[in-house]
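Source file entry-v7.cif; content: mmCIF, C-alpha atoms.
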```cif
data_structure
#
loop_
_atom_site.label_atom_id
_atom_site.label_comp_id
_atom_site.auth_asym_id
_atom_site.auth_seq_id
_atom_site.Cartn_x
_atom_site.Cartn_y
_atom_site.Cartn_z
CA MET A 1 93.81 40.14 110.33
CA ARG A 2 92.27 38.17 113.19
CA ARG A 3 89.80 40.99 113.93
CA LEU A 4 88.92 41.24 110.24
CA LEU A 5 88.16 37.52 109.95
CA GLY A 6 86.36 37.41 113.31
CA ARG A 7 84.01 40.22 112.34
CA GLY A 8 83.64 38.75 108.87
CA VAL A 9 82.54 35.38 110.26
CA ILE A 10 79.98 37.02 112.57
CA LEU A 11 78.57 39.12 109.73
CA PHE A 12 78.49 36.08 107.45
CA ILE A 13 76.48 34.13 110.04
CA PHE A 14 74.01 37.04 110.21
CA TRP A 15 73.86 37.00 106.42
CA ILE A 16 72.92 33.31 106.41
CA LEU A 17 70.30 33.84 109.12
CA LEU A 18 68.76 36.82 107.34
CA THR A 19 68.72 35.29 103.85
CA ALA A 20 67.67 31.83 105.12
CA SER A 21 69.37 30.35 102.07
CA LEU A 22 72.28 28.03 101.42
CA ASN A 23 72.39 28.78 97.71
CA GLY A 24 76.01 28.84 96.52
CA GLN A 25 75.80 32.24 94.83
CA GLU A 26 74.20 33.83 97.89
CA LEU A 27 76.83 32.31 100.18
CA VAL A 28 79.66 33.67 98.02
CA LEU A 29 78.02 37.11 97.86
CA GLY A 30 77.44 37.02 101.63
CA ALA A 31 81.07 36.09 102.32
CA VAL A 32 82.39 38.87 100.08
CA LEU A 33 80.05 41.47 101.59
CA ALA A 34 80.80 40.30 105.14
CA LEU A 35 84.55 40.69 104.60
CA LEU A 36 84.07 44.06 102.91
CA ALA A 37 81.84 45.32 105.73
CA SER A 38 84.33 44.00 108.28
CA TRP A 39 87.23 45.77 106.55
CA VAL A 40 85.29 49.05 106.34
CA SER A 41 84.27 48.85 110.00
CA LEU A 42 87.89 48.35 111.04
CA LYS A 43 88.92 51.39 108.98
CA ILE A 44 86.32 53.73 110.54
CA ALA A 45 86.56 52.47 114.13
CA PRO A 46 88.89 54.38 116.47
CA GLN A 47 92.44 52.99 116.40
CA ASP A 48 92.96 53.51 120.13
CA PRO A 49 89.44 52.92 121.39
CA GLY A 50 90.21 53.36 125.08
CA GLU A 51 87.72 52.30 127.71
CA ARG A 52 85.43 49.41 126.82
CA LEU A 53 81.69 49.49 127.39
CA SER A 54 80.78 47.55 130.51
CA PHE A 55 78.01 44.97 130.74
CA ARG A 56 75.90 47.63 132.47
CA ASN A 57 76.53 50.02 129.57
CA TRP A 58 75.31 47.40 127.11
CA LEU A 59 72.22 46.64 129.21
CA LEU A 60 71.29 50.32 129.12
CA TYR A 61 72.53 51.16 125.61
CA VAL A 62 70.74 48.51 123.53
CA PRO A 63 67.17 49.12 124.83
CA THR A 64 67.74 52.90 124.73
CA LEU A 65 68.92 52.65 121.12
CA PHE A 66 65.91 50.52 120.16
CA ILE A 67 63.40 52.87 121.84
CA GLU A 68 65.00 55.98 120.32
CA ILE A 69 65.00 54.42 116.84
CA VAL A 70 61.29 53.61 117.14
CA LEU A 71 60.45 57.11 118.44
CA ALA A 72 62.53 58.78 115.74
CA ASN A 73 60.84 56.68 113.05
CA ILE A 74 57.44 57.82 114.31
CA SER A 75 58.63 61.44 114.28
CA ILE A 76 60.00 61.16 110.74
CA ALA A 77 56.81 59.43 109.57
CA ARG A 78 54.80 62.36 110.95
CA LEU A 79 57.01 64.80 109.06
CA VAL A 80 56.75 62.85 105.82
CA LEU A 81 53.00 62.24 106.03
CA SER A 82 52.03 65.76 107.06
CA PRO A 83 50.39 67.78 104.26
CA LYS A 84 52.83 70.65 104.69
CA ILE A 85 56.43 69.69 105.40
CA ASN A 86 57.68 72.18 107.95
CA ILE A 87 61.27 71.22 108.76
CA ASN A 88 64.34 73.13 109.82
CA PRO A 89 67.37 71.06 108.67
CA GLY A 90 70.91 72.00 109.60
CA ILE A 91 74.20 71.02 111.16
CA VAL A 92 74.63 71.36 114.91
CA LYS A 93 77.76 71.10 117.03
CA ILE A 94 76.86 69.31 120.24
CA PRO A 95 79.14 68.85 123.24
CA THR A 96 79.73 65.47 124.84
CA LYS A 97 81.07 64.73 128.29
CA LEU A 98 82.29 61.27 127.25
CA LYS A 99 86.09 60.99 127.34
CA SER A 100 86.71 57.58 125.81
CA ASP A 101 87.09 57.51 122.01
CA ARG A 102 85.20 54.22 121.97
CA LYS A 103 82.23 55.71 123.84
CA LYS A 104 82.23 58.79 121.60
CA TRP A 105 82.23 56.47 118.59
CA PHE A 106 79.29 54.47 119.99
CA LEU A 107 77.44 57.73 120.67
CA ALA A 108 78.09 58.86 117.10
CA GLN A 109 76.83 55.51 115.75
CA ALA A 110 73.69 55.66 117.91
CA ILE A 111 72.92 59.15 116.65
CA THR A 112 73.45 58.05 113.04
CA LEU A 113 71.24 54.97 113.47
CA THR A 114 68.43 57.17 114.75
CA PRO A 115 66.38 58.41 111.77
CA GLY A 116 66.59 62.15 111.19
CA THR A 117 70.16 62.57 112.42
CA VAL A 118 73.58 61.74 110.96
CA THR A 119 76.87 62.24 112.77
CA LEU A 120 79.28 63.90 110.37
CA ASP A 121 82.40 64.09 112.54
CA ILE A 122 83.78 63.82 116.05
CA LEU A 123 85.89 66.85 116.99
CA ASP A 124 87.51 66.45 120.42
CA ASP A 125 84.56 66.80 122.84
CA TYR A 126 82.01 67.77 120.17
CA LEU A 127 79.99 65.93 117.57
CA LEU A 128 78.92 67.52 114.29
CA VAL A 129 75.43 66.25 113.56
CA HIS A 130 73.15 66.88 110.59
CA TRP A 131 69.62 67.08 111.97
CA ILE A 132 66.56 67.04 109.74
CA ASP A 133 64.51 69.22 112.09
CA ILE A 134 66.57 71.32 114.50
CA GLU A 135 64.87 71.89 117.84
CA GLY A 136 66.05 74.32 120.49
CA SER A 137 68.14 77.41 120.03
CA ASP A 138 71.53 76.66 121.57
CA SER A 139 74.01 73.78 121.35
CA GLU A 140 73.45 72.68 124.96
CA GLU A 141 69.71 72.30 124.37
CA GLN A 142 70.21 70.61 121.00
CA GLY A 143 72.78 68.26 122.50
CA ARG A 144 70.44 67.37 125.32
CA ILE A 145 67.69 66.47 122.85
CA ILE A 146 69.90 64.41 120.54
CA LYS A 147 72.34 62.58 122.80
CA GLU A 148 71.28 62.78 126.44
CA LYS A 149 69.75 59.29 126.75
CA PHE A 150 72.61 57.60 124.89
CA GLU A 151 75.24 59.43 126.91
CA LYS A 152 73.60 58.40 130.19
CA ALA A 153 73.67 54.77 129.09
CA MET A 154 77.43 54.99 128.47
CA GLU A 155 78.53 56.82 131.63
#
```
Since I need it in another form, could you write the structure as structure tokens?
Amino acid sequence: MRRLLGRGVILFIFWILLTASLNGQELVLGAVLALLASWVSLKIAPQDPGERLSFRNWLLYVPTLFIEIVLANISIARLVLSPKININPGIVKIPTKLKSDRKKWFLAQAITLTPGTVTLDILDDYLLVHWIDIEGSDSEEQGRIIKEKFEKAME
């Protein structure tokens, strides 16, 4: 319950900052959505997360995530704006060398936040990822393209 309320309060503060409004209806809506988002995040997060991300991991992870999101957005914009859409969508099974459930979860979230890819599931040491434009021919190559930079930030 403490984790639920803690996350809810943080999300509610972000809500207030993003809406820049102290209107009663918006505050109530923000509180309800913050608690709902907090509850959902607790349900999908690993129950036994294992090893925490170190300060060094965070220093590497956040800028890497930001850069990869920008690059992926540019790539997706090129695909969308090209006169002939030539994509090769599919599901790929990529291996990960991360052992901690928490780090695998963060890797899965980073992949999902990057436009053009969505992590569908984590299966032991593999991630199932839907990719809008599959590159490479084998899972090692595909994994390197999708997750290499994120994985390095979390080692």
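Relative to CA of Val70 in chain A, CA of Ile16 in chain A is found at 25.7 Å.
The space between CA of Leu5 in chain A and CA of Tyr61 in chain A spans 26.0 Å.
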Checklist entry - Pick the closest to Thr112 in chain A from A:Pro95, A:Glu155, A:Leu127, A:Ala37: which is it, counting all atoms listed in the file? => result A:Leu127
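Relative to CA of Glu26 in chain A, CA of Gly8 in chain A is found at 15.3 Å.
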Checklist entry - Can you find the residues with an atom no farther than 12 Å from (68.2, 56.0, 115.0), counting only C-alpha atoms, and report them as number ranges by chain? => result A: 62, 64-76, 107-119, 131, 146-147, 150
Item to check | Residue nearest Ile94 in chain A - candidates A:Trp58, A:Phe106, A:Tyr126, A:Phe12, atoms counted: only C-alpha atoms | outcome: A:Tyr126
